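Trainee: One file is attached below, structure17.txt, containing compact mmCIF, C-alpha atoms.
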# COMPACT_ATOMS: atom_id res chain seq x y z
CA MET A 1 0.00 0.00 0.00
CA HIS A 2 1.41 3.37 -1.01
CA THR A 3 1.07 6.47 1.11
CA ILE A 4 -0.81 9.51 -0.12
CA GLN A 5 2.44 11.45 -0.61
CA GLU A 6 3.89 8.70 -2.85
CA LYS A 7 0.68 8.57 -4.91
CA GLN A 8 0.60 12.35 -5.26
CA SER A 9 4.17 12.45 -6.57
CA ASN A 10 3.57 9.57 -9.05
CA MET A 11 0.26 10.77 -10.49
CA PHE A 12 1.71 13.63 -12.55
CA ALA A 13 2.28 11.35 -15.55
CA VAL A 14 -1.37 10.28 -15.65
CA LEU A 15 -2.68 13.83 -15.24
CA LYS A 16 -0.17 15.18 -17.78
CA GLU A 17 -1.39 12.69 -20.39
CA LYS A 18 -5.08 13.41 -19.77
CA PHE A 19 -4.99 17.22 -19.38
CA GLY A 20 -1.83 18.15 -21.34
CA TYR A 21 0.19 19.70 -18.52
CA THR A 22 3.68 20.83 -19.44
CA ASN A 23 4.93 21.55 -15.93
CA VAL A 24 4.69 19.62 -12.66
CA MET A 25 3.33 22.71 -10.92
CA GLN A 26 0.22 22.69 -13.16
CA ALA A 27 -0.99 19.41 -11.66
CA PRO A 28 -3.63 19.72 -8.89
CA ARG A 29 -2.50 19.35 -5.30
CA LEU A 30 -4.25 18.94 -1.98
CA GLN A 31 -4.01 22.26 -0.10
CA LYS A 32 -5.81 21.44 3.14
CA ILE A 33 -8.53 19.33 4.74
CA VAL A 34 -11.18 20.96 6.92
CA VAL A 35 -13.03 18.70 9.37
CA SER A 36 -16.06 20.32 11.02
CA ALA A 37 -18.84 19.34 13.40
CA LYS A 38 -21.84 21.47 14.30
CA VAL A 39 -23.25 21.57 17.82
CA GLY A 40 -26.21 23.81 16.93
CA SER A 41 -28.57 24.38 19.83
CA ILE A 42 -27.05 21.86 22.23
CA LYS A 43 -27.16 23.32 25.73
CA ASP A 44 -25.51 20.33 27.43
CA LYS A 45 -21.92 21.33 28.22
CA ASN A 46 -20.86 17.66 28.51
CA LYS A 47 -22.04 16.94 24.94
CA ILE A 48 -20.08 19.95 23.63
CA ASP A 49 -16.98 18.77 25.51
CA LEU A 50 -17.48 15.32 23.97
CA VAL A 51 -17.59 16.82 20.44
CA ILE A 52 -14.38 18.78 21.12
CA ASP A 53 -12.64 15.70 22.56
CA ARG A 54 -13.69 13.39 19.72
CA LEU A 55 -12.67 15.89 17.02
CA ALA A 56 -9.27 16.25 18.71
CA ARG A 57 -8.86 12.45 18.83
CA ILE A 58 -9.89 11.95 15.21
CA THR A 59 -7.69 14.69 13.75
CA GLY A 60 -4.83 14.88 16.24
CA GLN A 61 -5.33 18.63 16.56
CA LYS A 62 -7.38 20.86 18.89
CA PRO A 63 -10.59 22.15 17.22
CA LYS A 64 -11.40 25.84 16.80
CA ALA A 65 -14.79 27.21 17.88
CA ASN A 66 -16.97 28.69 15.11
CA ALA A 67 -19.33 31.50 16.07
CA ALA A 68 -22.58 32.53 14.37
CA LYS A 69 -22.09 35.45 11.97
CA LYS A 70 -25.69 36.72 12.15
CA SER A 71 -28.58 36.51 14.58
CA ILE A 72 -31.56 34.48 13.34
CA ALA A 73 -34.65 34.84 15.54
CA THR A 74 -36.45 31.84 14.02
CA PHE A 75 -33.69 29.52 15.21
CA LYS A 76 -33.16 31.42 18.51
CA LEU A 77 -29.60 32.07 17.37
CA ARG A 78 -27.61 35.07 18.52
CA GLU A 79 -24.62 36.60 16.78
CA GLY A 80 -21.39 35.36 18.35
CA SER A 81 -22.80 32.20 19.96
CA ILE A 82 -20.81 29.01 19.30
CA ILE A 83 -22.48 26.82 16.66
CA GLY A 84 -19.72 24.37 15.75
CA TYR A 85 -16.07 23.37 15.84
CA SER A 86 -13.59 22.84 13.03
CA VAL A 87 -10.04 21.68 12.43
CA THR A 88 -7.86 22.65 9.46
CA LEU A 89 -5.23 20.05 8.60
CA ARG A 90 -2.18 20.71 6.44
CA GLY A 91 1.04 18.90 5.64
CA LYS A 92 1.80 15.55 7.26
CA ARG A 93 -1.32 15.56 9.47
CA MET A 94 -3.46 16.19 6.38
CA HIS A 95 -1.92 13.26 4.51
CA ASP A 96 -2.17 10.96 7.55
CA PHE A 97 -5.84 11.88 8.05
CA LEU A 98 -6.66 11.30 4.37
CA ASP A 99 -4.89 7.94 4.47
CA LYS A 100 -6.90 6.96 7.58
CA LEU A 101 -10.14 8.21 6.00
CA ILE A 102 -9.65 6.21 2.78
CA HIS A 103 -8.27 2.96 4.20
CA VAL A 104 -9.90 2.69 7.65
CA ALA A 105 -12.91 4.94 8.21
CA LEU A 106 -14.82 4.81 4.90
CA PRO A 107 -14.74 0.99 4.68
CA ARG A 108 -16.31 0.90 8.17
CA THR A 109 -19.27 3.01 6.99
CA ARG A 110 -22.54 1.12 6.92
CA ASP A 111 -23.74 0.22 3.38
CA PHE A 112 -20.80 2.00 1.76
CA ARG A 113 -20.86 1.86 -2.05
CA GLY A 114 -18.48 4.67 -2.89
CA LEU A 115 -18.54 8.45 -2.75
CA HIS A 116 -20.63 10.60 -5.09
CA VAL A 117 -18.85 12.55 -7.81
CA THR A 118 -21.56 15.22 -7.60
CA ALA A 119 -20.06 16.54 -4.33
CA ILE A 120 -17.30 18.31 -6.29
CA ASP A 121 -18.00 22.04 -6.29
CA GLU A 122 -17.16 24.65 -8.95
CA MET A 123 -13.90 25.65 -7.23
CA GLY A 124 -12.46 22.12 -7.28
CA ASN A 125 -13.18 21.19 -3.66
CA TYR A 126 -14.77 17.93 -2.49
CA THR A 127 -16.99 17.64 0.59
CA ILE A 128 -17.85 14.38 2.33
CA GLY A 129 -20.69 14.20 4.86
CA ILE A 130 -20.17 11.55 7.53
CA LYS A 131 -23.30 10.68 9.53
CA GLU A 132 -21.59 8.94 12.45
CA HIS A 133 -18.21 9.89 13.87
CA THR A 134 -17.87 6.35 15.26
CA ILE A 135 -16.44 5.07 11.94
CA PHE A 136 -13.05 6.34 13.12
CA PRO A 137 -11.22 3.79 15.30
CA GLU A 138 -10.26 6.38 17.94
CA THR A 139 -13.90 6.85 18.95
CA SER A 140 -15.39 3.37 18.61
CA ASP A 141 -15.22 2.57 22.35
CA GLU A 142 -18.00 4.94 23.37
CA GLU A 143 -21.72 4.39 23.85
CA LEU A 144 -24.00 5.12 20.90
CA LYS A 145 -26.19 7.79 22.52
CA ASP A 146 -23.81 10.66 21.72
CA VAL A 147 -23.22 10.21 17.99
CA PHE A 148 -22.67 13.28 15.82
CA GLY A 149 -21.92 13.92 12.16
CA LEU A 150 -18.85 15.43 10.52
CA GLY A 151 -18.17 17.37 7.37
CA VAL A 152 -14.82 16.72 5.66
CA THR A 153 -13.79 19.13 2.90
CA LEU A 154 -10.79 18.38 0.67
CA VAL A 155 -9.50 21.68 -0.73
CA THR A 156 -7.52 21.25 -3.97
CA THR A 157 -5.79 23.52 -6.46
CA ALA A 158 -7.73 21.99 -9.38
CA LYS A 159 -9.45 24.44 -11.73
CA THR A 160 -12.29 22.26 -13.08
CA LYS A 161 -14.56 19.45 -11.93
CA ALA A 162 -12.95 17.00 -14.37
CA GLU A 163 -9.46 17.76 -13.04
CA THR A 164 -10.67 17.37 -9.47
CA GLU A 165 -12.40 14.06 -10.19
CA GLN A 166 -9.35 12.57 -11.91
CA PHE A 167 -7.04 13.88 -9.15
CA LEU A 168 -9.18 12.35 -6.38
CA ARG A 169 -9.39 9.03 -8.24
CA GLU A 170 -5.58 9.01 -8.55
CA LEU A 171 -5.29 9.74 -4.82
CA GLY A 172 -7.32 6.61 -4.15
CA LEU A 173 -10.61 8.14 -3.01
CA PRO A 174 -13.35 5.55 -3.68
CA LEU A 175 -15.52 7.56 -6.08
CA ARG A 176 -18.48 5.90 -7.81
CA LYS A 177 -18.25 5.19 -11.52
CA ASP A 178 -21.77 6.49 -12.29
CA ALA A 179 -22.31 10.24 -12.13
Is it possible to express this structure as structure tokens?
Mentor:
Amino acid sequence: MHTIQEKQSNMFAVLKEKFGYTNVMQAPRLQKIVVSAKVGSIKDKNKIDLVIDRLARITGQKPKANAAKKSIATFKLREGSIIGYSVTLRGKRMHDFLDKLIHVALPRTRDFRGLHVTAIDEMGNYTIGIKEHTIFPETSDEELKDVFGLGVTLVTTAKTKAETEQFLRELGLPLRKDA
């Protein structure tokens, strides 16, 4: 099994052939991975502490609190109140997390048949929604009453959806064949 860094350095030939790159620096790269979890209207301090602890265990980095930008009366939300936590991974931690996500966590997902290609946005980023954080081995020892979802965004330097799709396939992300 090759690491993500080895795959990323070897995939230039494939991308060069398909997209006609003339320089190595034209090939897409992974810039960062953002892992986020929303706590919303949870008032229980213990549950919020659990989310912070589990995010730190999963990513190996302390999460940052995200505050609401605007007040929304319908949702009883006030500007500045904490609505979620996120972690931005770069470098070695980013590659280690992606390796763990592809080879350990996603295969543990219930009824997993591959990731949708439609989750690629116009800027070349890919977002994965994970319903249960318990697919990561660091958190599997807990009881099932406090399960929360995660959002994982892979930020790339790709310019188009086609470039992003081919790049993610070369990285080893299990994307579905059908669009």
Trainee: Go ahead and compute the interatomic distance for CA of Gly129 (chain A) and CA of Ala27 (chain A), in Å to one decimal.
Mentor: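 Here the two named atoms are 26.2 Å from each other.
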Trainee: My list of candidates is A:Val87, A:Thr157, A:Leu168, A:Val147. Which is closest to Ile48 (chain A) when distances are computed with only C-alpha atoms?
Mentor: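 With only C-alpha atoms as the atom set, the closest residue is A:Val147.
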Trainee: CA of Val34 (chain A) and CA of Thr88 (chain A) are how many Å apart?
Mentor: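 Separating CA of Val34 (chain A) from CA of Thr88 (chain A) is a distance of 4.5 Å.
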Trainee: Near Phe148 (chain A), counting all atoms listed in the file, which residues have an atom at most 7 Å away, once you skip same-chain residues fewer than 6 positions from it, shown as a compact mmCIF listing (two decimals) with C-alpha atoms, in the coordinates of the input?
Mentor:
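Result file selection11.txt:
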# COMPACT_ATOMS: atom_id res chain seq x y z
CA LYS A 131 -23.30 10.68 9.53
CA GLU A 132 -21.59 8.94 12.45
CA HIS A 133 -18.21 9.89 13.87
Trainee: Using all atoms listed in the file, find the one residue out of A:Arg110, A:Arg54, A:Lys69, A:Lys38 that sits nearest to Tyr85 (chain A).
Mentor: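 Once distances to Tyr85 (chain A) are computed over all atoms listed in the file, the minimum belongs to A:Lys38.
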Trainee: How many Å separate CA of Gly60 (chain A) from CA of Met94 (chain A)?
Mentor: 10.0 Å
Trainee: Find the spatial neighbours of Val24 (chain A), counting only C-alpha atoms, within a cut-off of 10 Å - ignore same-chain residues fewer than 5 positions away - and output them as a PyMOL selection string.
Mentor: chain A and resi 9+12-13+15-16
Trainee: With distances taken over all atoms listed in the file, which of A:Ile82, A:Leu89, A:Ala73, A:Ala65 is nearest to Ile33 (chain A)?
Mentor: A:Leu89
Trainee: Taking into account only C-alpha atoms, which residue in the set A:Ala119, A:Val152, A:Ala105, A:Val51 is nearest to Lys64 (chain A)?
Mentor: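 Under the stated criterion, the closest residue is A:Val51.
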Trainee: At a cut-off of 10 Å, using all atoms listed in the file, what residues contact Thr118 (chain A)? Leave out same-chain residues fewer than 3 positions from it and give the result as a list of chain:residue names.
Mentor: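 Once the nearby chain positions are removed, what remains is A:Leu115, A:Asp121, A:Tyr126, A:Thr127, A:Lys161, A:Glu165, A:Leu175, A:Arg176, A:Asp178, A:Ala179.
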Trainee: Tell me which of A:Thr134, A:Ser81, A:Asn125, A:Ser86 sits closest to Val104 (chain A), counting all atoms listed in the file.
Mentor: A:Thr134
Trainee: If I put a ball of radius 7 Å at (-21.2, 18.1, 7.1) in the file's coordinates, which residues poke into it when counting all atoms listed in the file, written as a PDB file with C-alpha atoms, in the frame of the given file?
Mentor:
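Saved as point01.pdb:
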ATOM      1  CA  SER A  36     -16.060  20.320  11.020  1.00  0.00           C
ATOM      2  CA  ALA A  37     -18.840  19.340  13.400  1.00  0.00           C
ATOM      3  CA  ILE A 128     -17.850  14.380   2.330  1.00  0.00           C
ATOM      4  CA  GLY A 129     -20.690  14.200   4.860  1.00  0.00           C
ATOM      5  CA  ILE A 130     -20.170  11.550   7.530  1.00  0.00           C
ATOM      6  CA  GLY A 149     -21.920  13.920  12.160  1.00  0.00           C
ATOM      7  CA  LEU A 150     -18.850  15.430  10.520  1.00  0.00           C
ATOM      8  CA  GLY A 151     -18.170  17.370   7.370  1.00  0.00           C
ATOM      9  CA  VAL A 152     -14.820  16.720   5.660  1.00  0.00           C
TER      10      VAL A 152
END
Trainee: Pick from A:Lys45, A:Thr22, A:His116, A:Pro28: nearest to Gln166 (chain A), with only C-alpha atoms counted?
Mentor: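 Closest to Gln166 (chain A) of all the choices is A:Pro28.
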Trainee: Please identify all polymer residues within 12 Å of Pro107 (chain A), counting only C-alpha atoms, omitting same-chain residues fewer than 5 positions from it, and present them as a list in words.
Mentor: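 Selected residues are Lys100, Leu101, Ile102, Phe112, Arg113, Gly114, Leu115, Ile135, Phe136, Pro137, Leu173 and Pro174 of chain A.
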Trainee: Would you mind completing region 60-91 of chain A so that it carries N, CA and C atoms, and writing it out as a tab-separated table (two decimals), keeping the file's coordinate frame?
Mentor:
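Generated output (selection-v8.tsv):
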chain	number	residue	atom	x	y	z
A	60	GLY	N	-6.14	14.69	15.63
A	60	GLY	CA	-4.83	14.88	16.24
A	60	GLY	C	-4.51	16.35	16.46
A	61	GLN	N	-5.52	17.19	16.45
A	61	GLN	CA	-5.33	18.63	16.56
A	61	GLN	C	-6.53	19.22	17.31
A	62	LYS	N	-6.30	20.25	18.13
A	62	LYS	CA	-7.38	20.86	18.89
A	62	LYS	C	-8.31	21.65	17.97
A	63	PRO	N	-9.66	21.43	18.09
A	63	PRO	CA	-10.59	22.15	17.22
A	63	PRO	C	-10.76	23.62	17.61
A	64	LYS	N	-11.14	24.41	16.62
A	64	LYS	CA	-11.40	25.84	16.80
A	64	LYS	C	-12.91	26.05	16.86
A	65	ALA	N	-13.36	26.91	17.76
A	65	ALA	CA	-14.79	27.21	17.88
A	65	ALA	C	-15.22	28.12	16.74
A	66	ASN	N	-16.40	27.85	16.17
A	66	ASN	CA	-16.97	28.69	15.11
A	66	ASN	C	-18.20	29.40	15.66
A	67	ALA	N	-18.22	30.71	15.55
A	67	ALA	CA	-19.33	31.50	16.07
A	67	ALA	C	-20.31	31.85	14.95
A	68	ALA	N	-21.56	32.12	15.33
A	68	ALA	CA	-22.58	32.53	14.37
A	68	ALA	C	-22.25	33.94	13.87
A	69	LYS	N	-22.39	34.15	12.57
A	69	LYS	CA	-22.09	35.45	11.97
A	69	LYS	C	-23.26	36.42	12.08
A	70	LYS	N	-24.49	35.88	12.08
A	70	LYS	CA	-25.69	36.72	12.15
A	70	LYS	C	-26.66	36.13	13.16
A	71	SER	N	-27.51	36.98	13.72
A	71	SER	CA	-28.58	36.51	14.58
A	71	SER	C	-29.76	36.09	13.72
A	72	ILE	N	-30.38	34.95	14.06
A	72	ILE	CA	-31.56	34.48	13.34
A	72	ILE	C	-32.62	34.15	14.40
A	73	ALA	N	-33.64	34.98	14.48
A	73	ALA	CA	-34.65	34.84	15.54
A	73	ALA	C	-35.42	33.53	15.43
A	74	THR	N	-35.69	33.08	14.21
A	74	THR	CA	-36.45	31.84	14.02
A	74	THR	C	-35.77	30.65	14.68
A	75	PHE	N	-34.44	30.63	14.64
A	75	PHE	CA	-33.69	29.52	15.21
A	75	PHE	C	-33.18	29.83	16.62
A	76	LYS	N	-33.60	30.97	17.20
A	76	LYS	CA	-33.16	31.42	18.51
A	76	LYS	C	-31.64	31.46	18.57
A	77	LEU	N	-31.04	32.00	17.51
A	77	LEU	CA	-29.60	32.07	17.37
A	77	LEU	C	-29.14	33.51	17.51
A	78	ARG	N	-28.14	33.73	18.32
A	78	ARG	CA	-27.61	35.07	18.52
A	78	ARG	C	-26.23	35.18	17.89
A	79	GLU	N	-25.93	36.34	17.37
A	79	GLU	CA	-24.62	36.60	16.78
A	79	GLU	C	-23.53	36.38	17.82
A	80	GLY	N	-22.51	35.61	17.45
A	80	GLY	CA	-21.39	35.36	18.35
A	80	GLY	C	-21.50	34.09	19.17
A	81	SER	N	-22.68	33.45	19.19
A	81	SER	CA	-22.80	32.20	19.96
A	81	SER	C	-22.14	31.06	19.18
A	82	ILE	N	-21.55	30.12	19.90
A	82	ILE	CA	-20.81	29.01	19.30
A	82	ILE	C	-21.79	28.03	18.67
A	83	ILE	N	-21.58	27.75	17.36
A	83	ILE	CA	-22.48	26.82	16.66
A	83	ILE	C	-21.77	25.58	16.14
A	84	GLY	N	-20.44	25.54	16.24
A	84	GLY	CA	-19.72	24.37	15.75
A	84	GLY	C	-18.24	24.48	16.03
A	85	TYR	N	-17.52	23.43	15.66
A	85	TYR	CA	-16.07	23.37	15.84
A	85	TYR	C	-15.45	22.83	14.56
A	86	SER	N	-14.25	23.31	14.23
A	86	SER	CA	-13.59	22.84	13.03
A	86	SER	C	-12.09	22.73	13.24
A	87	VAL	N	-11.48	21.89	12.42
A	87	VAL	CA	-10.04	21.68	12.43
A	87	VAL	C	-9.55	21.79	11.00
A	88	THR	N	-8.48	22.55	10.78
A	88	THR	CA	-7.86	22.65	9.46
A	88	THR	C	-6.55	21.90	9.49
A	89	LEU	N	-6.43	20.89	8.64
A	89	LEU	CA	-5.23	20.05	8.60
A	89	LEU	C	-4.41	20.38	7.36
A	90	ARG	N	-3.10	20.48	7.55
A	90	ARG	CA	-2.18	20.71	6.44
A	90	ARG	C	-0.96	19.81	6.63
A	91	GLY	N	-0.21	19.63	5.56
A	91	GLY	CA	1.04	18.90	5.64
A	91	GLY	C	0.90	17.43	6.00
